[in-house]
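Below is the file start-v8.cif, which contains mmCIF, C-alpha atoms.
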```cif
data_upload
#
loop_
_atom_site.label_atom_id
_atom_site.label_comp_id
_atom_site.auth_asym_id
_atom_site.auth_seq_id
_atom_site.Cartn_x
_atom_site.Cartn_y
_atom_site.Cartn_z
CA MET A 68 83.05 96.70 126.39
CA THR A 69 83.74 100.22 125.14
CA PRO A 70 85.96 101.09 122.14
CA GLU A 71 88.46 102.54 124.59
CA GLU A 72 88.65 99.21 126.42
CA VAL A 73 89.19 97.41 123.10
CA LEU A 74 92.04 99.78 122.25
CA ALA A 75 93.54 99.41 125.72
CA ARG A 76 93.59 95.63 125.30
CA LEU A 77 95.27 96.02 121.90
CA ASP A 78 97.94 98.28 123.30
CA ALA A 79 100.74 95.73 122.86
CA PRO A 80 100.25 94.95 119.14
CA LEU A 81 99.55 98.65 118.48
CA SER A 82 102.84 99.76 120.03
CA LEU A 83 105.27 101.01 117.39
CA ARG A 84 108.16 100.81 119.86
CA ARG A 85 107.44 97.15 120.48
CA ARG A 86 107.29 96.35 116.76
CA VAL A 87 110.54 98.15 116.07
CA GLY A 88 112.04 96.34 119.07
CA TYR A 89 111.10 92.96 117.62
CA LEU A 90 112.57 93.96 114.25
CA ALA A 91 115.81 95.15 115.85
CA LEU A 92 116.00 91.90 117.80
CA THR A 93 115.58 89.89 114.60
CA PHE A 94 118.31 91.72 112.70
CA THR A 95 120.67 91.82 115.68
CA GLY A 96 120.28 88.07 116.17
CA LEU A 97 120.87 87.38 112.48
CA THR A 98 123.89 89.68 112.20
CA ALA A 99 125.49 88.39 115.39
CA SER A 100 124.96 84.77 114.34
CA ALA A 101 126.38 85.44 110.87
CA LEU A 102 129.51 87.17 112.20
CA ILE A 103 130.13 84.56 114.90
CA GLY A 104 129.58 81.86 112.27
CA LEU A 105 132.09 83.60 110.01
CA LEU A 106 134.66 83.79 112.81
CA TRP A 107 134.05 80.16 113.62
CA ALA A 108 134.37 79.04 109.98
CA THR A 109 137.61 80.95 109.40
CA GLU A 110 139.39 79.96 112.61
CA PRO A 111 141.48 76.86 111.99
CA GLY A 112 142.33 74.16 114.51
CA LEU A 113 139.89 75.01 117.29
CA PRO A 114 139.55 72.67 120.28
CA MET A 115 136.25 70.89 120.76
CA ARG A 116 135.06 73.07 123.64
CA THR A 117 135.63 76.22 121.56
CA ASN A 118 133.67 74.69 118.69
CA VAL A 119 130.83 73.95 121.10
CA ALA A 120 130.97 77.52 122.45
CA PHE A 121 130.78 78.97 118.93
CA ALA A 122 127.88 76.68 118.07
CA VAL A 123 126.00 77.70 121.21
CA LEU A 124 126.52 81.40 120.43
CA VAL A 125 125.29 80.95 116.87
CA VAL A 126 122.22 79.05 118.08
CA ILE A 127 121.46 81.74 120.67
CA GLY A 128 121.60 84.44 117.98
CA LEU A 129 119.38 82.40 115.67
CA CYS A 130 116.89 81.79 118.47
CA TRP A 131 116.57 85.52 119.12
CA ALA A 132 116.17 86.11 115.38
CA ALA A 133 113.52 83.40 115.15
CA PHE A 134 111.65 84.84 118.12
CA GLY A 135 111.73 88.35 116.63
CA GLY A 136 110.67 87.03 113.24
CA TRP A 137 107.80 85.08 114.78
CA ALA A 138 106.69 88.14 116.76
CA VAL A 139 106.59 90.49 113.76
CA THR A 140 104.79 87.98 111.56
CA ARG A 141 102.39 86.39 114.06
CA ARG A 142 101.93 88.66 117.04
CA THR A 143 102.00 92.16 115.65
CA PRO A 144 101.04 93.63 112.28
CA LEU A 145 103.68 95.31 110.13
CA PHE A 146 102.23 98.47 108.62
CA ALA A 147 103.74 100.43 105.72
CA ARG A 148 105.80 102.66 108.00
CA ASP A 149 107.05 99.64 109.94
CA ARG A 150 108.10 97.96 106.70
CA VAL A 151 110.20 101.00 105.81
CA VAL A 152 111.77 100.92 109.29
CA ALA A 153 112.37 97.18 108.79
CA GLY A 154 113.97 97.93 105.42
CA TRP A 155 116.39 100.42 106.97
CA LEU A 156 117.17 98.06 109.84
CA GLY A 157 117.89 95.40 107.22
CA VAL A 158 120.29 97.75 105.46
CA GLY A 159 121.90 98.57 108.80
CA ALA A 160 122.30 94.86 109.58
CA TRP A 161 123.85 94.32 106.14
CA VAL A 162 126.32 97.18 106.73
CA ALA A 163 127.23 95.77 110.15
CA PHE A 164 127.73 92.29 108.69
CA SER A 165 129.75 93.63 105.74
CA VAL A 166 132.06 95.70 107.95
CA GLY A 167 132.47 92.76 110.34
CA ALA A 168 133.18 90.39 107.47
CA LEU A 169 135.69 92.84 105.99
CA ILE A 170 137.52 93.20 109.31
CA ILE A 171 137.63 89.43 109.79
CA SER A 172 138.89 88.95 106.24
CA LEU A 173 141.56 91.65 106.66
CA LEU A 174 142.73 90.08 109.92
CA ARG A 175 143.04 86.75 108.11
CA HIS A 176 144.66 88.43 105.05
CA ASP A 177 142.26 86.42 102.94
CA LEU A 178 139.22 87.81 101.07
CA GLU A 179 137.18 84.84 99.91
CA PRO A 180 135.26 85.41 96.63
CA ALA A 181 132.38 83.33 98.06
CA LEU A 182 132.13 85.66 101.06
CA LEU A 183 132.17 88.66 98.76
CA GLY A 184 129.37 87.07 96.75
CA VAL A 185 127.30 86.50 99.91
CA VAL A 186 127.85 90.12 101.01
CA LEU A 187 126.78 91.45 97.61
CA LEU A 188 123.76 89.16 97.51
CA LEU A 189 122.63 90.21 100.99
CA GLY A 190 123.14 93.85 100.02
CA ALA A 191 120.96 93.41 96.96
CA VAL A 192 118.24 91.72 99.04
CA ALA A 193 118.35 94.53 101.63
CA ALA A 194 118.18 97.22 98.94
CA LEU A 195 115.30 95.54 97.10
CA ASN A 196 113.39 95.04 100.34
CA LEU A 197 113.83 98.71 101.27
CA ARG A 198 112.75 99.82 97.79
CA ALA A 199 109.65 97.62 97.91
CA ALA A 200 108.73 99.03 101.33
CA HIS A 201 109.16 102.61 100.10
CA ARG A 202 107.08 101.95 96.99
CA ALA A 203 104.28 100.30 98.98
CA ARG A 204 104.20 103.25 101.39
CA ALA A 205 104.28 105.78 98.55
CA ALA A 206 101.33 104.05 96.87
CA LEU A 207 99.34 104.23 100.11
CA LEU A 208 100.27 107.89 100.62
CA ARG A 209 99.04 108.71 97.11
CA ARG A 210 95.81 106.85 97.77
CA ARG A 211 95.38 108.70 101.07
CA SER A 212 95.81 112.05 99.31
CA VAL A 213 93.25 111.16 96.65
CA LEU A 214 90.71 109.98 99.23
CA ALA A 215 91.33 113.01 101.44
CA GLU A 216 90.76 115.34 98.48
CA THR A 217 87.56 113.48 97.60
CA ALA A 218 86.39 113.74 101.20
CA LYS A 219 87.07 117.50 101.20
CA GLY A 220 85.14 117.95 97.97
CA GLU A 221 82.04 116.25 99.36
CA MET B 161 85.73 110.37 106.89
CA SER B 162 85.22 107.33 104.66
CA ASP B 163 86.12 103.85 105.87
CA GLU B 164 88.45 103.45 102.90
CA LEU B 165 90.46 106.50 103.94
CA LEU B 166 90.59 105.27 107.52
CA VAL B 167 91.77 101.85 106.37
CA VAL B 168 94.48 103.35 104.17
CA ARG B 169 95.64 105.51 107.09
CA CYS B 170 95.69 102.40 109.27
CA GLN B 171 97.75 100.56 106.65
CA LEU B 172 100.22 103.41 106.69
CA GLY B 173 100.61 102.89 110.43
CA GLU B 174 98.55 105.74 111.89
CA ARG B 175 97.46 104.56 115.29
CA GLU B 176 94.81 107.26 115.68
CA ALA B 177 93.15 106.05 112.46
CA PHE B 178 92.79 102.59 113.96
CA ALA B 179 91.24 104.17 117.06
CA GLU B 180 88.72 105.96 114.83
CA LEU B 181 87.99 102.73 113.00
CA VAL B 182 87.33 100.90 116.27
CA GLN B 183 85.15 103.74 117.56
CA GLY B 184 83.14 103.74 114.36
CA TRP B 185 82.65 100.01 113.98
CA HIS B 186 82.73 98.66 117.52
CA PRO B 187 78.96 99.06 118.09
CA ALA B 188 78.19 97.07 114.92
CA VAL B 189 80.68 94.34 115.85
CA GLU B 190 79.34 94.12 119.40
CA ARG B 191 75.74 94.07 118.12
CA TYR B 192 76.53 91.31 115.61
CA VAL B 193 78.33 89.19 118.19
CA GLY B 194 75.68 89.78 120.84
CA ARG B 195 72.82 88.83 118.57
CA MET B 196 74.56 85.85 117.00
CA LEU B 197 75.61 84.42 120.33
CA GLY B 198 72.50 85.44 122.24
CA GLY B 199 74.46 87.72 124.56
CA SER B 200 77.52 89.92 124.66
CA ASP B 201 80.89 88.18 124.62
CA ASP B 202 83.89 90.44 125.21
CA ASP B 203 86.39 87.70 124.37
CA VAL B 204 84.94 87.20 120.90
CA VAL B 205 84.79 90.95 120.27
CA GLN B 206 88.40 91.25 121.39
CA GLU B 207 89.39 88.32 119.16
CA ILE B 208 87.72 90.02 116.19
CA TRP B 209 89.51 93.34 116.70
CA LEU B 210 92.84 91.62 117.17
CA ALA B 211 92.32 89.72 113.91
CA VAL B 212 91.33 92.97 112.18
CA LEU B 213 94.47 94.70 113.44
CA LYS B 214 96.70 91.84 112.30
CA GLY B 215 94.96 91.52 108.94
CA LEU B 216 94.76 95.21 108.02
CA PRO B 217 98.21 95.42 106.36
CA ARG B 218 97.19 92.61 104.00
CA LEU B 219 93.75 93.98 103.09
CA ARG B 220 94.06 94.48 99.32
CA GLN B 221 90.77 96.32 98.81
CA PRO B 222 90.32 98.96 101.51
CA ASP B 223 86.97 99.91 99.91
CA ARG B 224 85.70 96.43 100.80
CA PHE B 225 86.39 96.87 104.50
CA THR B 226 82.83 96.20 105.69
CA PRO B 227 82.42 92.69 104.23
CA TRP B 228 86.01 91.90 105.26
CA LEU B 229 85.28 92.97 108.84
CA PHE B 230 82.12 90.88 109.01
CA THR B 231 83.93 87.91 107.48
CA ILE B 232 86.36 88.07 110.38
CA ALA B 233 83.53 88.57 112.86
CA ARG B 234 81.65 85.65 111.36
CA ARG B 235 84.71 83.41 111.64
CA ALA B 236 85.07 84.28 115.32
CA VAL B 237 81.38 83.68 115.95
CA LEU B 238 81.54 80.47 113.91
CA ASN B 239 84.14 79.10 116.28
CA ARG B 240 81.71 79.62 119.15
CA LEU B 241 78.73 78.27 117.23
CA ARG B 242 80.42 75.30 115.64
CA ASP B 243 77.75 72.92 116.82
CA ALA B 244 74.93 75.06 115.46
CA TYR B 245 76.56 75.33 112.03
CA ALA B 246 77.37 71.62 111.94
CA ARG B 247 73.68 70.74 111.57
CA PRO B 248 72.73 70.11 107.89
CA GLU B 249 71.09 72.99 106.07
CA PRO B 250 67.37 72.46 105.23
CA GLU B 251 66.17 72.28 101.64
CA PRO B 252 66.15 75.69 99.89
CA ILE B 253 62.86 77.53 99.49
CA ASP B 254 62.03 78.53 95.92
CA ASP B 255 59.95 81.67 96.43
CA LEU B 256 61.56 85.03 95.74
CA PRO B 257 62.55 87.54 98.40
CA GLY B 258 59.94 90.18 98.90
CA ASP B 259 56.96 87.87 98.38
CA ASP B 260 56.72 86.92 101.98
CA GLU B 261 54.22 88.97 103.92
CA ALA B 262 56.48 88.77 106.96
CA GLU B 263 58.73 91.28 105.21
CA GLU B 264 56.14 93.95 105.87
CA VAL B 265 56.33 93.50 109.61
CA VAL B 266 60.08 93.09 109.84
CA ASN B 267 61.60 96.07 111.47
CA ARG B 268 64.69 96.44 113.52
CA GLU B 269 63.05 96.15 116.92
CA THR B 270 60.83 93.15 116.38
CA LEU B 271 63.54 91.42 114.40
CA ALA B 272 66.03 91.82 117.21
CA ASP B 273 63.58 90.38 119.74
CA ALA B 274 62.82 87.24 117.75
CA LEU B 275 66.30 86.60 116.36
CA ALA B 276 67.48 84.55 119.28
CA ALA B 277 65.09 81.72 118.41
CA LEU B 278 66.35 81.35 114.81
CA PRO B 279 69.01 78.87 113.65
CA ALA B 280 72.49 80.35 113.30
CA ARG B 281 72.60 80.52 109.49
CA GLU B 282 69.24 82.26 109.19
CA ARG B 283 69.96 84.58 112.10
CA GLU B 284 73.22 85.55 110.47
CA VAL B 285 71.77 86.62 107.11
CA LEU B 286 68.98 88.55 108.77
CA LEU B 287 71.49 90.41 110.92
CA LEU B 288 73.71 91.27 108.01
CA PHE B 289 70.97 92.13 105.53
CA TYR B 290 68.46 93.95 107.72
CA LEU B 291 70.32 95.16 110.78
CA GLU B 292 73.63 96.04 109.14
CA ASP B 293 72.04 97.04 105.82
CA LEU B 294 74.62 95.15 103.80
CA PRO B 295 73.88 94.35 100.14
CA LEU B 296 73.25 90.77 99.08
CA ASP B 297 76.65 90.36 97.44
CA ALA B 298 78.41 91.51 100.62
CA CYS B 299 76.31 89.06 102.68
CA ALA B 300 77.27 86.32 100.22
CA GLN B 301 80.94 87.21 100.49
CA ILE B 302 80.82 87.24 104.29
CA CYS B 303 78.97 83.92 104.51
CA ALA B 304 81.12 82.41 101.73
CA VAL B 305 78.03 81.22 99.80
CA PRO B 306 76.46 82.23 96.45
CA VAL B 307 73.98 85.12 96.37
CA GLY B 308 71.19 82.65 95.59
CA THR B 309 71.89 80.82 98.82
CA VAL B 310 71.69 84.08 100.73
CA LYS B 311 68.30 84.81 99.15
CA SER B 312 67.14 81.34 100.05
CA ARG B 313 68.32 81.73 103.62
CA LEU B 314 66.61 85.11 103.82
CA ASN B 315 63.35 83.56 102.67
CA ARG B 316 63.60 80.78 105.16
CA ALA B 317 64.65 83.21 107.86
CA ARG B 318 61.65 85.45 107.22
CA ARG B 319 59.31 82.48 107.33
CA LEU B 320 60.83 81.21 110.55
CA LEU B 321 60.75 84.68 111.96
CA ARG B 322 57.08 85.01 111.14
CA HIS B 323 56.35 81.72 112.89
CA GLU B 324 58.35 82.82 115.85
CA MET B 325 56.63 86.17 116.07
CA VAL B 326 53.18 84.57 115.73
CA ARG B 327 54.15 82.09 118.40
CA LYS B 328 55.08 84.96 120.67
CA GLY B 329 51.69 86.53 120.05
CA TYR B 330 52.81 89.23 117.65
CA GLU B 331 50.06 90.21 115.18
CA ALA B 332 51.02 91.80 111.85
#
```
Can you give me the file's structure in the form of structure tokens?
Amino acid sequence: MTPEEVLARLDAPLSLRRRVGYLALTFTGLTASALIGLLWATEPGLPMRTNVAFAVLVVIGLCWAAFGGWAVTRRTPLFARDRVVAGWLGVGAWVAFSVGALIISLLRHDLEPALLGVVLLLGAVAALNLRAAHRARAALLRRRSVLAETAKGE
Amino acid sequence: MSDELLVVRCQLGEREAFAELVQGWHPAVERYVGRMLGGSDDDVVQEIWLAVLKGLPRLRQPDRFTPWLFTIARRAVLNRLRDAYARPEPEPIDDLPGDDEAEEVVNRETLADALAALPAREREVLLLFYLEDLPLDACAQICAVPVGTVKSRLNRARRLLRHEMVRKGYEA
């Protein structure tokens, strides 16, 4: 087997588009499930079949999120650049959830402090995750520069 | 370009760096697998590179890439040689490395020819120490044993190798 054949066989886990796709799937599933769950929780007096429909939609969203999460942790590696992309996607998902939650709350004329707390907590998690990803990438970039300079000097 | 720089570039997500890493190390991986298993095995080589790709983001010491790579390769080979490794290890030999006259006749070609007849543990240390030129501490890290055990295995391996080469009619 030649190195080129090895690389050809590793095409799927090496594909950046595929990794970003899995990440987007994870965050979309999570955000959709959270918003549907919020709608479900704030809608009073629903008939049984509507409850079942909401539950099914939430489970579908969670399944997609679980699949995406499994793929990015087990099937493909997440490199420093991917972690930054994941961090931004996380922030995007938080913004989408926050806007959705705000609209739902405004429609209900009722802003729950608990919901506000959850939104702030998720925002903090997203921001910290993005910061950690940036710092990890910056550390690697610095190391790359040092090693490249050393290699030039030799 | 140093392996450490290539590894760091890989960890950043540069696909071309991984291609360079594969091109640089694939012959060694293939040689190790082929000699440990007594023949080439594309599935094992593929398994090793997939594990390397998945593990690269978590490699804390990029300067220790070589022993890390061979640890992964060893694990993959171990899965194929489980029966050979399951046999109990013989008693250690006390003499020091370098005292054995077989060392004088060990060279890459003759070693490669006689390796197939050696037990898996001894074959492994000979491959890593002589064919891959890895230091004793790296061999110990890869095999997950103390350095003393590596020395002992090397002694035993050289003795067995000498017997094997004499048996095959090789004269020092």
- [ ] Could you tell me which residues the PyMOL selection byres ((chain A and resi 162-167) around 10) grabs in this file, written as a PyMOL selection string?
- [x] chain A and resi 95+97-103+105-106+156-161+168-173+182-183+185-187+189-190+193
TODO: Identify every residue of chain A that has at least one atom within 7 Å of any atom of chain B, counting all atoms listed in the file, and report the result as a PyMOL selection string.
DONE: chain A and resi 68+70+73-74+77+143-148+204+207+211+214+218
TODO: Compute the distance from (76.6, 90.3, 103.0) to each atom, counting only C-alpha atoms, keep the residues with any atom at most 12 Å away, and return them as a PyMOL selection string; use the coordinates of the file.
DONE: chain B and resi 224-231+234+284-311+313-314
Task: Near-B:Ala317 list (9 Å; all atoms listed in the file; drop same-chain fewer than 6 positions) as a list of chain:residue names - done: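 The filter keeps B:Leu278, B:Pro279, B:Arg281, B:Glu282, B:Arg283, B:Val285, B:Leu286.
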Enclose all atoms of stretch 85-94 of chain A listed in the file in an axis-aligned box, grow every side by 6 Å, and hand back centre and edge lengths in Å to one decimal, as JSON.
```
{"center_x": 112.8, "center_y": 94.0, "center_z": 116.6, "size_x": 23.0, "size_y": 20.3, "size_z": 19.8}
```
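For the file at hand, the PyMOL selection byres ((chain A and resi 85) around 12) resolves to A:Asp78, A:Ala79, A:Pro80, A:Leu81, A:Ser82, A:Leu83, A:Arg84, A:Arg86, A:Val87, A:Gly88, A:Tyr89, A:Leu90, A:Ala91, A:Leu92, A:Gly135, A:Ala138, A:Val139, A:Arg142, A:Thr143, A:Pro144, A:Leu145, A:Asp149.
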- [ ] Record the distance separating atom CA of A:Arg198 and atom CA of A:Phe94, expressed in Å with one decimal.
- [x]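 Going from atom CA of A:Arg198 over to atom CA of A:Phe94 covers 17.9 Å.
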TODO: Select, from B:Met325, B:Leu219, B:Ala274, B:Leu320, the residue with the minimum atom-to-atom distance to B:Gly198, counting only C-alpha atoms.
DONE: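 Answer, going by the shortest atom-to-atom distance: B:Ala274.
Take atom CA of B:Arg240 and atom CA of B:Val193: the distance between them is 10.2 Å.
As for atom CA of B:Ile208 and atom CA of B:Arg191, they are spaced 12.8 Å apart.
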Task: Exercise: A:Val126 partners within 10 Å, all atoms listed in the file, chain neighbours under 6 positions left out, as a ChimeraX atom specification - done: /A:96,100,104,120,132
